[in-house]
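Please read the structure below before turning to the comments.
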Amino acid sequence: MATKQSLSDRYTPDFIAQAEERRQKLDYKSLHVGGGSTTRIERVRTLLYQTHQNYYFGHFNASCILAGVLFEQCLICLLEEEIELKGKITCKQDKNIVIVDDPQGLLNQSLYALIQTALHYKIIPNEQAELADGLRRIRNYLMHDDLGSFMIDGLNFEFRFGSMQNGAFVEEHVISMLTSEVKTHCLTRDPQEIWAYYILTRTRRLIVLMFEERVKRLPPEKVNS
């Protein structure tokens with residue numbers, strides 16, 4: 001039977017140094033979500049911290065999953081505030097339209113519906129619709145299977161996966177980023193690290209844009225991870 005490792009065994013000076021190197025390679029910049037303390041905002045801040053810490057310490061699967069939860073919580077947070085400002089909002093998924101006048105009603109909506117609603121209310125810029133939907137597809141994929149290895153195609157790292165509907169293949173999706181970006185910002189070429197880096201950085205990119213109006217509306221506070 002393997003001996004259980006203590007925290008001091010797990011977090012050796014070399015391990016800490018590696019985590020710090022990964023943090024520096026991420027080229028982290030403070031992320032602003034605006035002022036004011038609500039339960040949802042505090043949850044967003046906590047998830048930001050936990051997502052980054054898991055990434056730095058090499059817990060890549062956990063970081064990917066937390067990033068998906070973080071994205072959904074950011075959507076709910078901002079849509080809740082949209083309800084508070086307007087009294088009600090319209091959620092639309094395909095041909096179904098739902099009027100939501102209670103923030104709790106957002107919890108019954110799918111991630112797809114939340115994204116479509118956020119696009120309708122300009123919380124997600126239209127030019128980021130493809131990225132938002134891509135992160136949704138990745139999250140769904142990750143919930144059912146391990147994310148596979150990237151392949152090098154010219155100057156890019158690429159991963160291709162398909163969507164299934166009623167047991168049939170529907171369409172193929174391509175995730176792509178420059179090999180130079182991976183070499184600059186990732187500590188290893190471990191597929192899990194590359195995935196965690198991609199999901200974390202692209203989720204951060206969306207969050208920055210999503211919270212722009214809130215930061216303008218409320219005095220900003222820094223979130224350091």
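How things are named: the first chain in the structure tokens is A, the next is B, and so on; residues count from 1 in each chain; ligands count from 1 in the order shown.
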Query raised in the report: Do you know which residues are at most 12 Å from Lys216 (chain A) counting only C-alpha atoms, after dropping those on the same chain fewer than 6 positions away, and could you put them as a list in words?
Result: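 My reading of the contact set: His32, Val33, Gly34, Gly35, Leu209 and Met210 of chain A.
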Atoms kept (C-alpha atoms) for selection, written as an mmCIF file, in the first residue's frame:
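Written out: part-v8.cif:
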```cif
data_model
loop_
_atom_site.group_PDB
_atom_site.id
_atom_site.type_symbol
_atom_site.label_atom_id
_atom_site.label_comp_id
_atom_site.auth_asym_id
_atom_site.auth_seq_id
_atom_site.Cartn_x
_atom_site.Cartn_y
_atom_site.Cartn_z
ATOM 1 C CA HIS A 32 -11.863 43.620 -12.843
ATOM 2 C CA VAL A 33 -15.443 42.599 -12.168
ATOM 3 C CA GLY A 34 -16.604 45.882 -10.645
ATOM 4 C CA GLY A 35 -17.516 46.848 -7.110
ATOM 5 C CA LEU A 209 -15.568 41.745 -22.122
ATOM 6 C CA MET A 210 -18.693 40.616 -20.286
#
```
Query - Long-range neighbours of Tyr198 (chain A) as a list in words, 12 Å cut-off, only C-alpha atoms, 6 positions minimum in chain - result: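 Listed by chain and then number, they are Leu26, Tyr55, Phe60, Ser63, Cys64, Ala67, Leu131, Gly134, Leu135, Ile138, Leu147, Phe150, Phe157, Glu158, Phe159, Ile175, Ser176, Met177, Leu178, Thr179, Glu181, Val182, His185, Cys186, Pro191, Gln192, Arg204 and Arg205 of chain A.
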Query raised in the report: So which residues touch Phe161 (chain A) within 7 Å, counting only C-alpha atoms, skipping near sequence neighbours fewer than 4 positions away, as a PyMOL selection string?
Result: chain A and resi 172-174
Residues from last step as file, N, CA and C atoms, as a short mmCIF file (atom, residue, chain, number, x, y, z; two decimals), in the first residue's frame:
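selection-v9.cif was written with the following content:
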```
data_model
loop_
_atom_site.label_atom_id
_atom_site.label_comp_id
_atom_site.auth_asym_id
_atom_site.auth_seq_id
_atom_site.Cartn_x
_atom_site.Cartn_y
_atom_site.Cartn_z
N GLU A 172 -18.45 18.90 -37.24
CA GLU A 172 -17.12 18.88 -36.63
C GLU A 172 -16.74 20.28 -36.18
N HIS A 173 -16.09 20.35 -35.01
CA HIS A 173 -15.64 21.62 -34.48
C HIS A 173 -14.12 21.58 -34.35
N VAL A 174 -13.49 22.69 -34.65
CA VAL A 174 -12.02 22.76 -34.62
C VAL A 174 -11.59 23.80 -33.59
#
```
Report task. Could you check which of A:Val44, A:Ser37, A:Ile194, A:Ile16 is closest to Val69 (chain A), using only C-alpha atoms? Result ->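 Under the stated criterion, the closest residue is A:Val44.
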Query raised in the report: Smallest atom-to-atom distance to Gly36 (chain A): which of A:Asp94, A:Glu81, A:Asn108, A:Arg202, using only C-alpha atoms?
Result: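 With only C-alpha atoms as the atom set, the closest residue is A:Glu81.
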Query - Residues within 12 Å of Glu42 (chain A), only C-alpha atoms, excluding chain neighbours under 2 positions, as a list in words - result: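 Listing them by chain and then by number gives Val33, Gly34, Gly35, Gly36, Ser37, Thr38, Thr39, Arg40, Val44, Arg45, Thr46, Leu47, Leu48, Tyr49, Leu70, Gln73, Cys74, Cys77, Glu221 and Val223 of chain A.
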Grab the residues selected above and save them as a tab-separated table (two decimals), in the first residue's frame with C-alpha atoms.
```tsv
chain	number	residue	atom	x	y	z
A	33	VAL	CA	-15.44	42.60	-12.17
A	34	GLY	CA	-16.60	45.88	-10.65
A	35	GLY	CA	-17.52	46.85	-7.11
A	36	GLY	CA	-20.33	45.80	-4.86
A	37	SER	CA	-20.56	42.59	-2.91
A	38	THR	CA	-23.34	40.13	-3.70
A	39	THR	CA	-23.47	36.39	-3.14
A	40	ARG	CA	-23.06	35.77	-6.85
A	44	VAL	CA	-17.41	34.50	-9.17
A	45	ARG	CA	-14.37	35.82	-7.28
A	46	THR	CA	-13.92	32.52	-5.46
A	47	LEU	CA	-14.16	30.54	-8.69
A	48	LEU	CA	-11.65	32.85	-10.37
A	49	TYR	CA	-9.18	32.18	-7.57
A	70	LEU	CA	-17.02	30.08	-13.68
A	73	GLN	CA	-21.79	31.75	-12.99
A	74	CYS	CA	-20.60	34.94	-14.72
A	77	CYS	CA	-24.49	36.95	-12.29
A	221	GLU	CA	-12.18	46.14	-7.49
A	223	VAL	CA	-9.27	40.24	-8.36
```
**Report entry** Given only C-alpha atoms as the counted atoms, nearest of A:Leu142, A:Leu75, A:Ile99, A:Ala129 to Trp195 (chain A)
**Finding:**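 Result for the nearest residue to Trp195 (chain A): A:Leu142.
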Requested in this report: Report as a list of chain:residue names: the residues of region 6-45 of chain A with a DSSP assignment of helix (DSSP H, G or I), based on the backbone of this structure.
Outcome: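 Taking region 6-45 of chain A and keeping helix (DSSP H, G or I) gives A:Leu7, A:Ser8, A:Asp9, A:Arg10, A:Pro13, A:Asp14, A:Phe15, A:Ile16, A:Ala17, A:Gln18, A:Ala19, A:Glu20, A:Glu21, A:Arg22, A:Arg23, A:Gln24, A:Lys25, A:Thr39, A:Arg40, A:Ile41, A:Glu42, A:Arg43, A:Val44, A:Arg45.
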Query - Near-region 116-128 of chain A list (9 Å; only C-alpha atoms; drop same-chain fewer than 5 positions) as a ChimeraX atom specification - result: /A:75,78-79,82,89-93,111,133,206-207,209-213
Please dump the current selection as a PDB file, in the first residue's frame; keep C-alpha atoms.
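So part_14.pdb came out as:
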```
ATOM      1  CA  LEU A  75     -23.509  34.677 -17.147  1.00  0.00           C
ATOM      2  CA  LEU A  78     -24.805  39.516 -15.080  1.00  0.00           C
ATOM      3  CA  LEU A  79     -28.237  38.319 -16.207  1.00  0.00           C
ATOM      4  CA  GLU A  82     -30.081  42.685 -15.933  1.00  0.00           C
ATOM      5  CA  ILE A  89     -35.670  39.607 -19.386  1.00  0.00           C
ATOM      6  CA  THR A  90     -36.481  37.299 -22.285  1.00  0.00           C
ATOM      7  CA  CYS A  91     -34.651  33.991 -22.547  1.00  0.00           C
ATOM      8  CA  LYS A  92     -34.790  32.311 -25.926  1.00  0.00           C
ATOM      9  CA  GLN A  93     -33.614  28.860 -26.919  1.00  0.00           C
ATOM     10  CA  LEU A 111     -25.967  27.093 -20.791  1.00  0.00           C
ATOM     11  CA  ASP A 133     -20.365  28.591 -28.078  1.00  0.00           C
ATOM     12  CA  LEU A 206     -14.824  36.554 -22.387  1.00  0.00           C
ATOM     13  CA  ILE A 207     -15.151  37.545 -18.738  1.00  0.00           C
ATOM     14  CA  LEU A 209     -15.568  41.745 -22.122  1.00  0.00           C
ATOM     15  CA  MET A 210     -18.693  40.616 -20.286  1.00  0.00           C
ATOM     16  CA  PHE A 211     -17.931  42.710 -17.215  1.00  0.00           C
ATOM     17  CA  GLU A 212     -16.929  45.892 -19.065  1.00  0.00           C
ATOM     18  CA  GLU A 213     -20.278  47.614 -18.544  1.00  0.00           C
TER      19      GLU A 213
END
```
Requested in this report: Would you kindly return, as a PyMOL selection string, each protein, DNA or RNA residue with an atom no farther than 9 Å from any atom of Phe15 (chain A), considering only C-alpha atoms and excluding same-chain residues fewer than 5 positions away?
Outcome: chain A and resi 10+20+57
Requested in this report: Would you please work out which residue, of A:Ser149, A:Thr201, A:Asn156, A:Gln18, is nearest to Tyr56 (chain A) when using only C-alpha atoms?
Outcome: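 Closest to Tyr56 (chain A), using only C-alpha atoms: A:Gln18.
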Requested in this report: Between CA of Glu21 (chain A) and CA of Leu200 (chain A), measure the distance and give it in Å to one decimal.
Outcome: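 Between CA of Glu21 (chain A) and CA of Leu200 (chain A) the gap is 16.4 Å.
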Query - Minimum-distance residue to Asp146 (chain A), chosen among A:Ile65, A:Ile115, A:Ile41, A:Ala17 (using only C-alpha atoms) - result: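 Closest to Asp146 (chain A) of all the choices is A:Ile65.
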Report task. Any chance you could list, as JSON, numbers by chain, the residues in region 28-176 of chain A that come up strand (DSSP E or B) when DSSP is run on the backbone? Result -> {"A": [31, 32, 89, 90, 91, 92, 93, 96, 97, 98, 99, 100, 151, 152, 153, 156, 157, 158, 159, 160, 161, 162, 163, 164, 165, 168, 169, 170, 171, 172, 173, 174, 175, 176]}
Go ahead and write the selection's residues with N, CA and C atoms as a short mmCIF file (atom, residue, chain, number, x, y, z; two decimals), in the first residue's frame.
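After the write, selection35.cif holds the following:
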```
data_model
loop_
_atom_site.label_atom_id
_atom_site.label_comp_id
_atom_site.auth_asym_id
_atom_site.auth_seq_id
_atom_site.Cartn_x
_atom_site.Cartn_y
_atom_site.Cartn_z
N LEU A 31 -7.89 41.15 -13.22
CA LEU A 31 -9.19 41.11 -13.88
C LEU A 31 -10.19 41.85 -13.01
N HIS A 32 -10.91 42.80 -13.59
CA HIS A 32 -11.86 43.62 -12.84
C HIS A 32 -13.28 43.13 -13.10
N ILE A 89 -36.40 39.80 -18.13
CA ILE A 89 -35.67 39.61 -19.39
C ILE A 89 -36.31 38.46 -20.15
N THR A 90 -35.98 38.37 -21.43
CA THR A 90 -36.48 37.30 -22.28
C THR A 90 -35.37 36.31 -22.57
N CYS A 91 -35.60 35.06 -22.23
CA CYS A 91 -34.65 33.99 -22.55
C CYS A 91 -35.19 33.22 -23.74
N LYS A 92 -34.35 33.01 -24.73
CA LYS A 92 -34.79 32.31 -25.93
C LYS A 92 -33.83 31.18 -26.25
N GLN A 93 -34.39 30.01 -26.46
CA GLN A 93 -33.61 28.86 -26.92
C GLN A 93 -34.36 28.21 -28.07
N ASN A 96 -38.26 28.37 -28.36
CA ASN A 96 -38.88 28.55 -27.05
C ASN A 96 -38.48 29.89 -26.45
N ILE A 97 -39.48 30.66 -26.00
CA ILE A 97 -39.25 31.96 -25.38
C ILE A 97 -39.80 31.93 -23.96
N VAL A 98 -38.94 32.32 -23.02
CA VAL A 98 -39.34 32.32 -21.61
C VAL A 98 -39.09 33.71 -21.03
N ILE A 99 -40.09 34.28 -20.37
CA ILE A 99 -39.94 35.55 -19.66
C ILE A 99 -39.47 35.24 -18.24
N VAL A 100 -38.34 35.81 -17.86
CA VAL A 100 -37.78 35.57 -16.52
C VAL A 100 -37.80 36.87 -15.74
N MET A 151 -3.14 18.12 -32.27
CA MET A 151 -2.26 17.76 -33.37
C MET A 151 -1.65 19.04 -33.92
N ILE A 152 -0.42 18.95 -34.40
CA ILE A 152 0.22 20.11 -35.01
C ILE A 152 -0.12 20.14 -36.50
N ASP A 153 -0.71 21.24 -36.93
CA ASP A 153 -1.07 21.43 -38.33
C ASP A 153 -0.46 22.76 -38.78
N ASN A 156 -0.17 25.73 -36.21
CA ASN A 156 -1.20 25.65 -35.19
C ASN A 156 -1.24 24.32 -34.46
N PHE A 157 -1.64 24.39 -33.19
CA PHE A 157 -2.11 23.22 -32.47
C PHE A 157 -3.60 23.14 -32.73
N GLU A 158 -4.09 21.97 -33.15
CA GLU A 158 -5.51 21.83 -33.45
C GLU A 158 -6.09 20.58 -32.80
N PHE A 159 -7.34 20.70 -32.44
CA PHE A 159 -8.09 19.55 -31.93
C PHE A 159 -9.45 19.57 -32.59
N ARG A 160 -9.89 18.43 -33.08
CA ARG A 160 -11.17 18.34 -33.78
C ARG A 160 -12.08 17.37 -33.04
N PHE A 161 -13.30 17.79 -32.83
CA PHE A 161 -14.28 16.89 -32.22
C PHE A 161 -15.64 17.14 -32.84
N GLY A 162 -16.46 16.11 -32.81
CA GLY A 162 -17.76 16.20 -33.45
C GLY A 162 -18.89 16.34 -32.46
N SER A 163 -20.02 16.82 -32.96
CA SER A 163 -21.25 16.92 -32.17
C SER A 163 -22.17 15.78 -32.57
N MET A 164 -22.81 15.19 -31.57
CA MET A 164 -23.76 14.12 -31.83
C MET A 164 -25.16 14.61 -31.48
N GLN A 165 -26.12 14.21 -32.28
CA GLN A 165 -27.52 14.53 -32.01
C GLN A 165 -28.37 13.32 -32.35
N ALA A 168 -26.44 10.49 -33.89
CA ALA A 168 -25.84 10.66 -35.21
C ALA A 168 -24.85 11.83 -35.20
N PHE A 169 -23.79 11.69 -36.00
CA PHE A 169 -22.79 12.75 -36.12
C PHE A 169 -23.40 13.94 -36.84
N VAL A 170 -23.25 15.15 -36.26
CA VAL A 170 -23.87 16.34 -36.84
C VAL A 170 -22.84 17.22 -37.53
N GLU A 171 -21.82 17.65 -36.78
CA GLU A 171 -20.82 18.54 -37.36
C GLU A 171 -19.51 18.44 -36.60
N GLU A 172 -18.45 18.90 -37.24
CA GLU A 172 -17.12 18.88 -36.63
C GLU A 172 -16.74 20.28 -36.18
N HIS A 173 -16.09 20.35 -35.01
CA HIS A 173 -15.64 21.62 -34.48
C HIS A 173 -14.12 21.58 -34.35
N VAL A 174 -13.49 22.69 -34.65
CA VAL A 174 -12.02 22.76 -34.62
C VAL A 174 -11.59 23.80 -33.59
N ILE A 175 -10.75 23.37 -32.66
CA ILE A 175 -10.13 24.27 -31.69
C ILE A 175 -8.70 24.47 -32.15
N SER A 176 -8.28 25.72 -32.30
CA SER A 176 -6.97 25.99 -32.87
C SER A 176 -6.29 27.15 -32.17
#
```
Query raised in the report: Near Asp101 (chain A), within 7 Å and counting only C-alpha atoms, which residues show up once chain neighbours fewer than 4 positions away are dropped, as number ranges by chain?
Result: A: 83, 87-89
